[in-house]
Structures are given as structure tokens and as C-alpha cells.
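Undergrad: Have a peek at query-v2.cif (mmCIF, C-alpha atoms).
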data_entry
loop_
_atom_site.label_atom_id
_atom_site.label_comp_id
_atom_site.auth_asym_id
_atom_site.auth_seq_id
_atom_site.Cartn_x
_atom_site.Cartn_y
_atom_site.Cartn_z
CA MET A 1 10.26 -15.07 -19.44
CA ILE A 2 7.63 -12.35 -19.80
CA LEU A 3 4.83 -12.77 -17.28
CA ILE A 4 1.57 -11.13 -18.36
CA VAL A 5 -1.18 -10.97 -15.73
CA ASN A 6 -4.54 -9.82 -17.03
CA THR A 7 -6.84 -8.74 -14.20
CA THR A 8 -9.55 -7.49 -16.58
CA SER A 9 -12.28 -9.72 -17.98
CA ASP A 10 -11.26 -8.84 -21.55
CA THR A 11 -9.06 -11.68 -22.86
CA GLY A 12 -8.98 -9.94 -26.24
CA ILE A 13 -6.29 -7.61 -24.86
CA THR A 14 -3.86 -10.45 -24.26
CA GLU A 15 -4.66 -11.96 -27.68
CA GLU A 16 -3.86 -8.65 -29.34
CA LEU A 17 -0.75 -8.25 -27.23
CA LYS A 18 0.49 -11.69 -28.31
CA LEU A 19 -0.11 -10.76 -31.95
CA ASN A 20 2.02 -7.65 -31.42
CA LEU A 21 4.72 -9.76 -29.77
CA GLY A 22 5.02 -12.06 -32.77
CA GLU A 23 7.79 -14.66 -32.27
CA ARG A 24 8.50 -13.35 -28.77
CA ALA A 25 5.03 -14.51 -27.65
CA ARG A 26 6.61 -17.96 -27.16
CA ASP A 27 8.55 -16.47 -24.25
CA ALA A 28 5.38 -15.09 -22.65
CA GLN A 29 3.44 -16.72 -19.82
CA VAL A 30 -0.10 -15.34 -19.71
CA ILE A 31 -2.28 -15.58 -16.62
CA GLU A 32 -5.91 -14.65 -17.12
CA CYS A 33 -7.41 -13.76 -13.74
CA ARG A 34 -11.02 -13.64 -14.94
CA ASP A 35 -11.87 -17.03 -13.45
CA LEU A 36 -9.27 -17.04 -10.68
CA LYS A 37 -9.83 -16.32 -7.03
CA ILE A 38 -7.39 -13.62 -5.93
CA GLY A 39 -8.10 -11.78 -2.70
CA ASN A 40 -6.54 -8.74 -1.13
CA CYS A 41 -3.52 -8.55 1.15
CA ILE A 42 -4.79 -8.67 4.74
CA GLY A 43 -1.66 -7.12 6.23
CA CYS A 44 -0.87 -10.03 8.52
CA ASN A 45 2.90 -9.77 7.85
CA TYR A 46 3.14 -13.55 8.13
CA CYS A 47 4.96 -13.71 4.76
CA TRP A 48 7.77 -11.86 6.52
CA LEU A 49 7.54 -13.24 10.06
CA LYS A 50 5.74 -16.58 10.31
CA THR A 51 5.78 -18.38 6.95
CA PRO A 52 8.70 -16.59 5.26
CA GLY A 53 8.11 -16.10 1.54
CA GLU A 54 4.63 -17.66 1.58
CA CYS A 55 1.31 -15.83 1.69
CA THR A 56 -1.17 -17.08 4.23
CA VAL A 57 -4.09 -16.17 1.97
CA LYS A 58 -4.48 -19.47 0.14
CA ASP A 59 -5.94 -18.71 -3.25
CA ASP A 60 -4.88 -18.57 -6.90
CA TYR A 61 -2.31 -15.82 -6.32
CA GLU A 62 0.40 -18.37 -5.53
CA THR A 63 0.70 -19.18 -9.25
CA ILE A 64 1.51 -15.54 -9.97
CA LEU A 65 4.08 -15.41 -7.17
CA LYS A 66 5.84 -18.57 -8.35
CA ASN A 67 6.07 -17.22 -11.89
CA PHE A 68 7.05 -13.71 -10.81
CA ILE A 69 10.28 -14.86 -9.17
CA LYS A 70 11.34 -16.53 -12.44
CA ALA A 71 10.22 -13.72 -14.76
CA ASP A 72 12.38 -11.08 -16.42
CA GLN A 73 9.37 -8.84 -16.84
CA LEU A 74 5.93 -8.58 -15.24
CA TRP A 75 3.16 -6.84 -17.16
CA VAL A 76 -0.12 -6.23 -15.34
CA ILE A 77 -3.17 -5.42 -17.42
CA THR A 78 -5.72 -3.65 -15.26
CA ASP A 79 -8.94 -1.69 -15.34
CA THR A 80 -8.90 1.75 -13.74
CA ALA A 81 -10.87 3.42 -10.97
CA LEU A 82 -10.66 6.77 -9.18
CA GLY A 83 -7.75 7.89 -11.35
CA PHE A 84 -5.62 4.86 -10.47
CA MET A 85 -5.59 1.15 -11.31
CA ASP A 86 -8.62 -0.64 -9.86
CA HIS A 87 -8.48 -2.86 -6.78
CA LYS A 88 -7.94 -6.05 -8.79
CA GLY A 89 -4.78 -4.60 -10.29
CA LYS A 90 -3.62 -3.19 -6.96
CA ASN A 91 -4.14 -6.53 -5.22
CA ILE A 92 -1.60 -8.11 -7.60
CA PHE A 93 1.01 -5.66 -6.28
CA ASP A 94 -0.03 -5.73 -2.61
CA ARG A 95 0.30 -9.53 -2.62
CA ILE A 96 3.84 -9.39 -4.02
CA LEU A 97 5.33 -8.64 -0.58
CA PRO A 98 6.58 -12.23 0.02
CA VAL A 99 9.42 -11.48 -2.43
CA CYS A 100 10.81 -9.13 0.21
CA THR A 101 12.18 -10.21 3.58
CA MET A 102 11.56 -8.56 6.92
CA TYR A 103 15.19 -7.47 7.06
CA LEU A 104 16.03 -3.88 6.20
CA LYS A 105 18.96 -2.03 4.66
CA PHE A 106 19.74 1.34 3.17
CA VAL A 107 20.00 1.60 -0.58
CA GLY A 108 21.39 5.02 -1.34
CA LYS A 109 19.65 7.34 1.09
CA GLN A 110 16.48 5.33 1.67
CA MET A 111 15.43 2.24 3.60
CA ARG A 112 14.55 -0.87 1.63
CA HIS A 113 13.58 -4.41 2.46
CA VAL A 114 16.30 -6.96 1.74
CA PRO A 115 15.02 -8.92 -1.30
CA ARG A 116 14.29 -12.62 -0.79
CA TYR A 117 15.53 -13.66 -4.22
CA ASP A 118 18.56 -12.63 -6.29
CA HIS A 119 16.45 -11.35 -9.15
CA SER A 120 13.44 -9.07 -9.44
CA ALA A 121 11.38 -8.58 -12.60
CA ASP A 122 10.99 -5.20 -14.23
CA ILE A 123 7.36 -4.10 -14.30
CA GLY A 124 5.06 -2.52 -16.87
CA LEU A 125 1.38 -1.58 -16.68
CA ILE A 126 -1.31 -1.64 -19.33
CA VAL A 127 -4.48 0.16 -18.28
CA THR A 128 -7.96 0.27 -19.72
CA GLY A 129 -10.15 3.30 -19.18
CA GLU A 130 -9.32 6.73 -17.87
CA ALA A 131 -6.65 7.28 -15.22
CA ASP A 132 -4.12 9.87 -14.11
CA MET A 133 -1.28 8.58 -16.30
CA ASP A 134 1.31 10.95 -14.84
CA TYR A 135 0.53 9.61 -11.39
CA LEU A 136 0.54 5.98 -12.54
CA ASN A 137 3.97 6.48 -14.09
CA ARG A 138 5.23 8.04 -10.87
CA TRP A 139 3.72 5.19 -8.88
CA ASN A 140 5.28 2.48 -11.04
CA GLU A 141 8.71 4.14 -10.85
CA ARG A 142 8.42 4.23 -7.08
CA ALA A 143 7.01 0.72 -6.66
CA THR A 144 9.75 -0.86 -8.76
CA LEU A 145 12.44 1.15 -6.98
CA ASN A 146 11.36 -0.45 -3.73
CA ILE A 147 11.68 -4.01 -5.05
CA GLY A 148 15.00 -3.38 -6.78
CA SER A 149 13.80 -3.43 -10.38
CA LYS A 150 12.76 -0.80 -12.89
CA SER A 151 9.61 0.53 -14.50
CA LEU A 152 8.86 -0.44 -18.09
CA GLY A 153 6.25 2.31 -18.31
CA VAL A 154 2.48 2.63 -18.26
CA TYR A 155 0.49 2.22 -21.46
CA GLY A 156 -3.13 2.61 -22.45
CA LYS A 157 -5.14 -0.16 -24.08
CA ASP A 158 -4.63 1.63 -27.40
CA GLU A 159 -0.83 1.49 -27.01
CA LEU A 160 -0.33 -2.29 -27.05
CA LYS A 161 2.14 -2.01 -29.93
CA GLU A 162 4.28 0.39 -27.89
CA ALA A 163 4.05 -1.87 -24.82
CA ALA A 164 5.00 -4.93 -26.89
CA SER A 165 8.08 -3.10 -28.21
CA CYS A 166 9.33 -2.92 -24.59
CA MET A 167 8.88 -6.65 -24.01
CA MET B 1 -17.58 19.59 14.30
CA HIS B 2 -18.51 15.98 13.63
CA VAL B 3 -16.06 13.72 11.81
CA MET B 4 -16.77 10.45 10.05
CA ILE B 5 -13.64 8.31 10.28
CA ILE B 6 -12.81 5.31 8.13
CA ASN B 7 -9.97 3.06 9.27
CA GLY B 8 -8.76 1.95 5.82
CA SER B 9 -6.44 -0.78 7.05
CA PRO B 10 -7.13 -4.30 5.73
CA ARG B 11 -5.76 -5.71 8.99
CA VAL B 12 -8.40 -6.69 11.55
CA LYS B 13 -9.08 -4.04 14.19
CA GLN B 14 -7.49 -6.03 17.01
CA TYR B 15 -4.07 -5.93 15.33
CA SER B 16 -4.46 -2.69 13.38
CA ASN B 17 -1.67 -0.16 13.94
CA THR B 18 -3.90 2.43 12.27
CA ASP B 19 -6.60 1.77 14.87
CA LYS B 20 -4.14 2.32 17.73
CA ILE B 21 -3.03 5.57 16.10
CA LEU B 22 -6.68 6.62 15.77
CA ALA B 23 -7.32 5.83 19.44
CA GLU B 24 -4.78 8.46 20.46
CA PHE B 25 -5.69 10.88 17.67
CA THR B 26 -9.40 10.90 18.53
CA GLN B 27 -8.66 11.46 22.22
CA GLY B 28 -6.94 14.70 21.28
CA MET B 29 -9.53 15.61 18.64
CA THR B 30 -12.52 15.32 20.99
CA GLU B 31 -11.05 17.53 23.74
CA ASN B 32 -12.76 20.61 22.25
CA GLY B 33 -16.13 18.89 21.88
CA THR B 34 -15.59 17.50 18.39
CA THR B 35 -17.52 14.25 17.93
CA PHE B 36 -16.84 11.32 15.62
CA GLU B 37 -18.04 7.96 14.37
CA GLN B 38 -15.49 5.34 13.25
CA TYR B 39 -15.73 2.41 10.85
CA GLU B 40 -13.36 -0.40 9.87
CA VAL B 41 -12.97 -1.26 6.20
CA SER B 42 -11.40 -4.60 7.19
CA ASP B 43 -14.87 -5.72 8.31
CA ARG B 44 -16.90 -6.20 5.13
CA SER B 45 -20.09 -6.50 7.18
CA GLN B 46 -19.72 -2.77 7.92
CA TRP B 47 -19.50 -1.69 4.26
CA ASP B 48 -23.20 -0.81 3.86
CA ALA B 49 -23.07 1.23 7.06
CA ILE B 50 -19.87 2.99 5.94
CA ARG B 51 -21.46 3.89 2.61
CA ALA B 52 -24.53 5.28 4.37
CA ALA B 53 -22.35 7.31 6.75
CA TYR B 54 -20.24 8.60 3.85
CA ASP B 55 -23.42 9.74 2.06
CA LYS B 56 -24.68 11.50 5.20
CA ASN B 57 -21.46 13.19 6.38
CA ASP B 58 -19.48 16.06 4.86
CA ASN B 59 -16.38 15.88 7.05
CA ILE B 60 -14.60 12.63 6.26
CA LEU B 61 -11.25 11.41 7.55
CA ILE B 62 -9.65 8.29 6.14
CA ALA B 63 -6.74 6.78 8.07
CA LEU B 64 -4.68 4.20 6.23
CA PRO B 65 -1.41 2.33 6.05
CA LEU B 66 0.75 2.75 2.95
CA TYR B 67 0.55 -0.42 0.81
CA VAL B 68 3.02 -0.60 -2.08
CA GLU B 69 3.33 3.16 -2.44
CA CYS B 70 -0.42 3.85 -2.43
CA ILE B 71 -3.68 2.83 -0.80
CA PRO B 72 -4.43 -0.81 0.08
CA GLY B 73 -6.37 -2.86 -2.49
CA LEU B 74 -9.16 -3.58 -0.01
CA LEU B 75 -9.73 0.12 0.70
CA LEU B 76 -9.69 0.81 -3.02
CA GLU B 77 -12.30 -1.91 -3.54
CA PHE B 78 -14.57 -0.21 -1.00
CA LEU B 79 -14.00 3.30 -2.34
CA GLU B 80 -14.89 2.13 -5.85
CA THR B 81 -18.44 1.55 -4.58
CA LEU B 82 -18.96 5.15 -3.41
CA THR B 83 -20.85 7.83 -5.29
CA PRO B 84 -18.77 11.00 -5.67
CA LYS B 85 -20.04 13.96 -3.63
CA SER B 86 -21.41 17.06 -5.27
CA GLY B 87 -21.65 19.50 -2.35
CA ASP B 88 -19.27 20.95 0.20
CA ALA B 89 -17.76 17.75 1.54
CA ARG B 90 -14.21 17.78 2.87
CA MET B 91 -11.80 14.89 3.02
CA SER B 92 -8.64 14.53 5.11
CA PHE B 93 -6.23 11.64 5.54
CA ILE B 94 -3.84 10.08 8.03
CA LEU B 95 -1.20 8.13 6.10
CA GLN B 96 1.12 5.91 8.11
CA SER B 97 3.83 3.43 7.19
CA GLY B 98 6.59 1.20 8.48
CA PHE B 99 9.48 2.90 6.72
CA ALA B 100 10.51 5.89 8.79
CA GLU B 101 11.48 8.60 6.30
CA GLY B 102 8.92 11.09 5.01
CA VAL B 103 10.06 10.60 1.41
CA GLN B 104 8.72 7.04 1.51
CA LEU B 105 5.13 8.27 1.85
CA ARG B 106 5.07 11.13 -0.68
CA CYS B 107 3.92 9.04 -3.64
CA GLY B 108 0.99 7.73 -1.58
CA GLU B 109 0.22 11.22 -0.32
CA ALA B 110 0.11 12.52 -3.90
CA TYR B 111 -2.59 9.98 -4.75
CA LEU B 112 -4.75 11.05 -1.81
CA LYS B 113 -5.10 14.50 -3.35
CA ILE B 114 -6.29 12.86 -6.57
CA LEU B 115 -8.64 10.60 -4.61
CA ALA B 116 -10.35 13.45 -2.74
CA ASP B 117 -10.89 15.23 -6.04
CA ARG B 118 -12.29 12.09 -7.72
CA LEU B 119 -14.73 11.69 -4.83
CA GLY B 120 -15.88 15.29 -5.22
CA CYS B 121 -14.41 16.41 -1.89
CA GLU B 122 -12.25 19.34 -0.97
CA TYR B 123 -8.79 18.04 0.00
CA MET B 124 -7.98 19.10 3.57
CA GLY B 125 -4.50 17.63 3.76
CA THR B 126 -2.76 14.48 4.90
CA LEU B 127 -1.00 13.81 8.18
CA VAL B 128 2.07 11.87 7.04
CA LYS B 129 4.18 9.75 9.40
CA GLY B 130 6.23 6.59 9.17
CA ASP B 131 8.08 4.39 11.68
CA ASN B 132 4.90 2.69 12.90
CA PHE B 133 5.67 -0.96 12.10
CA SER B 134 6.50 -1.91 15.69
CA ILE B 135 3.13 -0.91 17.18
CA ARG B 136 1.55 -4.33 16.76
CA PHE B 137 4.51 -6.17 18.23
CA THR B 138 4.98 -4.08 21.35
CA THR B 139 3.01 -3.66 24.57
CA GLU B 140 0.63 -0.74 24.98
CA GLN B 141 3.13 0.91 27.29
CA GLN B 142 5.93 0.48 24.71
CA HIS B 143 3.99 1.67 21.69
CA LYS B 144 2.71 4.77 23.49
CA ARG B 145 6.02 6.37 22.51
CA VAL B 146 4.94 5.99 18.88
CA THR B 147 1.19 6.54 19.15
CA GLU B 148 0.86 9.21 21.83
CA PRO B 149 2.22 12.08 19.66
CA TYR B 150 -0.85 11.59 17.44
CA ARG B 151 -2.97 12.95 20.31
CA GLU B 152 -1.55 16.43 19.77
CA MET B 153 -2.26 16.13 16.04
CA GLY B 154 -5.85 15.25 16.97
CA ARG B 155 -6.06 18.51 18.92
CA VAL B 156 -4.80 20.41 15.88
CA PHE B 157 -7.36 18.69 13.63
CA GLY B 158 -10.13 19.37 16.13
CA ARG B 159 -9.11 23.04 16.02
CA ASP B 160 -8.55 23.47 12.25
CA GLY B 161 -10.53 20.67 10.58
CA SER B 162 -7.50 20.12 8.35
CA PHE B 163 -3.86 19.04 8.31
CA ASN B 164 -2.58 22.21 6.69
CA ALA B 165 -0.95 23.67 9.81
CA GLY B 166 2.84 23.87 10.07
CA GLU B 167 2.91 21.52 13.07
CA CYS B 168 1.27 18.79 10.92
CA ARG B 169 3.98 19.09 8.27
CA LYS B 170 6.65 19.05 10.98
CA PHE B 171 5.10 15.91 12.49
CA THR B 172 6.38 13.84 9.54
CA GLY B 173 9.98 14.15 10.73
CA PRO B 174 12.97 13.99 8.39
CA GLU B 175 12.40 13.39 4.67
CA ILE B 176 15.63 11.39 4.64
CA PHE B 177 18.04 10.68 7.46
CA PRO B 178 21.41 12.45 7.53
CA ALA B 179 24.42 10.31 6.59
CA HIS B 180 25.59 9.67 10.16
CA ILE B 181 22.12 8.51 11.21
CA ARG B 182 21.89 6.22 8.17
CA LEU B 183 25.20 4.68 9.16
CA LEU B 184 24.01 4.12 12.72
CA VAL B 185 20.57 2.82 11.75
CA GLY B 186 22.15 0.60 9.07
CA LEU B 187 24.30 -0.99 11.80
CA ILE B 188 21.21 -1.46 13.98
CA PHE B 189 19.44 -3.16 11.03
CA MET B 190 22.27 -5.68 10.73
CA THR B 191 22.49 -6.43 14.45
CA VAL B 192 19.80 -5.54 16.99
CA ALA B 193 16.88 -5.24 14.53
CA HIS B 194 17.90 -8.48 12.78
CA LYS B 195 17.79 -10.36 16.07
CA GLY B 196 14.59 -8.56 17.10
CA PHE B 197 12.78 -9.69 13.95
CA ASP B 198 14.04 -13.25 14.45
CA LYS B 199 12.68 -13.17 18.00
CA ILE B 200 9.27 -11.88 16.90
CA ALA B 201 9.17 -14.65 14.28
CA GLU B 202 10.03 -17.29 16.87
CA GLY B 203 7.22 -15.97 19.06
CA LEU B 204 4.80 -16.36 16.14
CA GLY B 205 5.84 -19.99 15.72
CA CYS B 206 8.06 -19.50 12.67
CA THR B 207 10.32 -22.50 12.08
CA LYS B 208 12.27 -21.25 9.05
CA PRO B 209 14.92 -18.56 8.60
CA LEU B 210 13.33 -15.25 7.63
CA ASN B 211 15.24 -15.20 4.33
CA TYR B 212 13.92 -18.66 3.37
CA ARG B 213 13.14 -19.11 -0.35
CA PRO B 214 10.11 -21.42 -0.66
CA TYR B 215 9.75 -21.29 -4.44
CA GLU B 216 13.35 -21.62 -5.54
CA SER B 217 14.03 -24.91 -7.27
#
Please, can you express the file's structure as C-alpha cells?

TA:
Amino acid sequence: MILIVNTTSDTGITEELKLNLGERARDAQVIECRDLKIGNCIGCNYCWLKTPGECTVKDDYETILKNFIKADQLWVITDTALGFMDHKGKNIFDRILPVCTMYLKFVGKQMRHVPRYDHSADIGLIVTGEADMDYLNRWNERATLNIGSKSLGVYGKDELKEAASCM
Amino acid sequence: MHVMIINGSPRVKQYSNTDKILAEFTQGMTENGTTFEQYEVSDRSQWDAIRAAYDKNDNILIALPLYVECIPGLLLEFLETLTPKSGDARMSFILQSGFAEGVQLRCGEAYLKILADRLGCEYMGTLVKGDNFSIRFTTEQQHKRVTEPYREMGRVFGRDGSFNAGECRKFTGPEIFPAHIRLLVGLIFMTVAHKGFDKIAEGLGCTKPLNYRPYES
């Protein structure tokens, strides 16, 4: 399953993306965040130490989490700010921590959290507006490395065809 | 020198590791007469005051925990509301994390250079250090071992107004651990640390194993 999370208010992007996906759109689960309540991670660490695997911030993010653990790919569509994704996009990633456990191990030469589930979705980004694309690519490579998956790349809003070809 | 400090941690001040690091850091920094004002981004009621202080001050220090390889979403939300500077403002950072190796923080550090530039400030460096996860879960006496070294870094910042000195780079510690240390620490992870985390969880009232899978059907 391809999980597409659109944190922008522009639902036209997902419509165009589905058109580019053609038949494969049937395998896509789209979550439009425009009318959802999704807060920021508050750093309580309870998802690791008190309510393992569950976020204590009770809002609409749980739907994303439940779908993420079943997905083969996660695509986050996000606006940009200060050269990076904006806070709405970043919150989607900060809140993903329940998929990791508190336990630690070395993978190669670096520490990693032991994953909670056997499978972790590969991740791609689609960004609107101006951003430091070299940095975003570096960031996505690094973020996926830490959850045991791989980056599917970072694409601009005008590269939906290219993004769809990776789905 | 007067420094405007923003604690960029989303965690409330009482439990903020970043705040405990700042407590030691500012003790060292003020020894030469340097003054400071500090704000907490976790408290949204302070946001107007932080914005006003940001507009007024030209020597800004943001201390933050690494969240998924970059800055926390809440801090980003606040920073998005700022107007970029156009004068001689300077911006420095303290970046801290749970993972111990320096390499784990480099991606986040790279963004902080971009951030300072986007906010129209001269980048004055980042003090980079991991291995801070335990602060919240240990007594003040126990976490002094981790936080007290920041006092010396505060002295250096009070002296230089930046983190460009060699001792700041050295403060990070190893980029990666040598093989024999990884072997030893890996064993600790599987034994002592494993039990330690279970004990912390029990103390917090956790009733499930820490590798519990709530959403697996």
C-alpha cells in the first residue's frame, strides 16, 4: 500500500498525483490533513516508556500511524519554510517515533533504536515552494536510515510525474 | 555581552533536558559579566514575548534537542512566525541528542547553518553533543556528570560569543565509537540498559512490554 499524507491545504496535488499513478492509484491510501487536528510531538517519551507504541497526544495522527505500519511507501506532501519542510510536514515525522522502541542496538557503526515492527515503509517527499533541495535530500536519506528504510527522493510540486514513477 | 536564549525543546521546562543543560551553560557564561534572558518555546503563552525579544536582540542563542535529524516541529512552527533580520544579528546554537555519537547530529547541525542564514543572522556555530537522554530520568546529583561539562562551554561562549573554538568542536566527543567500544556498549544495550529502561517504564506505570505492538492485527 502507498500511503500519501498531504499536509498542505491544496487537495489538487493529490488529485494530480492520482492521475499520474493511473491504475496504481487503487493501491494508494490518501490522507488529507487539511481538516485534521495533528499537533506536534511534545517529547514526553511515553510512546517508548509508558504506553509503548502509542502516542499520548490524542488527535488525528493515530490514523496516520496505523496506516504507516502497514504501508510499503509513505509519501508526505508538505509546504516549505525557512529552507526546509514547514512545521506541519515535520510534525508528521516527529510523531512517527512510536514505531521505534526504547531499546538500542548498533547497526553498522551507529546506534539505532530497535524497530517495533518487522517492516518499515520507504519514504518520499513532495514539497511545494522554495526549499534547500540538497539539504532535504540529505535529511530524508538520514531520517530513513534511522528507521531502517530508504529514501524515495524529494520532488517539487512540478515533478509529480517523476514522483509517481517511484511509487 | 547580552544573550537572548530560546530553549527550543517542546518538552515542558520541568522535564526539559535542554533546560538543565542551559542551567549549567549559563552559569559558566555569566562568570565574566555576560547577561542573558531565557524563553521556553514549549510555553505558547511566551511566544509574543519571544518574538519581541528576538526583534530587540542581536545576539541570539537557540538550544534544542535533535528531533528526527533536524529541529522539532514546534520550534519550527515558532520560527516560521519571525521576521528575518536585516542588520548585524548573530545566531548560535546548542544542539543536543540522546544518541551519543557526533555523527548522529551532523545532519541537524547542517540545517542550523541554513536556518541562521534564512533568518538573516550571521552563523556563530553550534555546540554539538549527544548522550543526554538520561538527564530527565536521573537525580540532579547523577545528571551533573552529563550537564556540568556544559558550564565550561558557557565560559568559552561568554569569552568568544561563538562556538568556533577548538574546545567546542572537541566537546562533541567521538564521531563514531571504535569497534571495541561498540562491542562493549552493544552488550550493555542488551543487558544493563535493557533492564534499566524496563525499570524506568515500571516507575512510570507502564504495564506492557516495551516492544509491545498496539496496532498489529

Undergrad: With distances taken over all atoms listed in the file, which residue among A:Lys105, A:Arg24, A:His119, A:Lys18 lies nearest chain B?

TA: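 Among the listed residues, A:Lys105 lies closest to chain B.
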
Undergrad: Give me the residues within 10 Å of range 9-13 of chain B as JSON, numbers by chain, counting only C-alpha atoms and dropping any in the same chain fewer than 3 places off.

TA: {"A": [40, 41, 42, 43, 44, 45], "B": [6, 16, 17, 18, 19, 20, 39, 40, 41, 42, 43, 44, 62, 63, 64, 65, 66, 67, 71, 72, 73, 74, 75]}

Undergrad: Could you write out as a PyMOL selection string the residues that the PyMOL selection byres ((chain A and resi 57) around 8) matches in the shown file?

TA: chain A and resi 39+41+55-56+58-59

Undergrad: Apply the PyMOL selection byres ((chain A and resi 145) around 12) to the displayed file and report the matching residues as a PyMOL selection string.

TA: (chain A and resi 107-108+110-113+115+120-123+138-144+146-152) or (chain B and resi 68-69+104)

Undergrad: As an exercise, work out the distance from CA of Tyr150 in chain B to CA of Phe25 in chain B in Å and give it to one decimal place.

TA: 4.9 Å

Undergrad: Show me, as an MDAnalysis selection string, the residues that have an atom within 9 Å of Ala116 in chain B when counting all atoms listed in the file, minus same-chain residues fewer than 5 positions from it.

TA: chainID B and resid 90:92 111 121:124
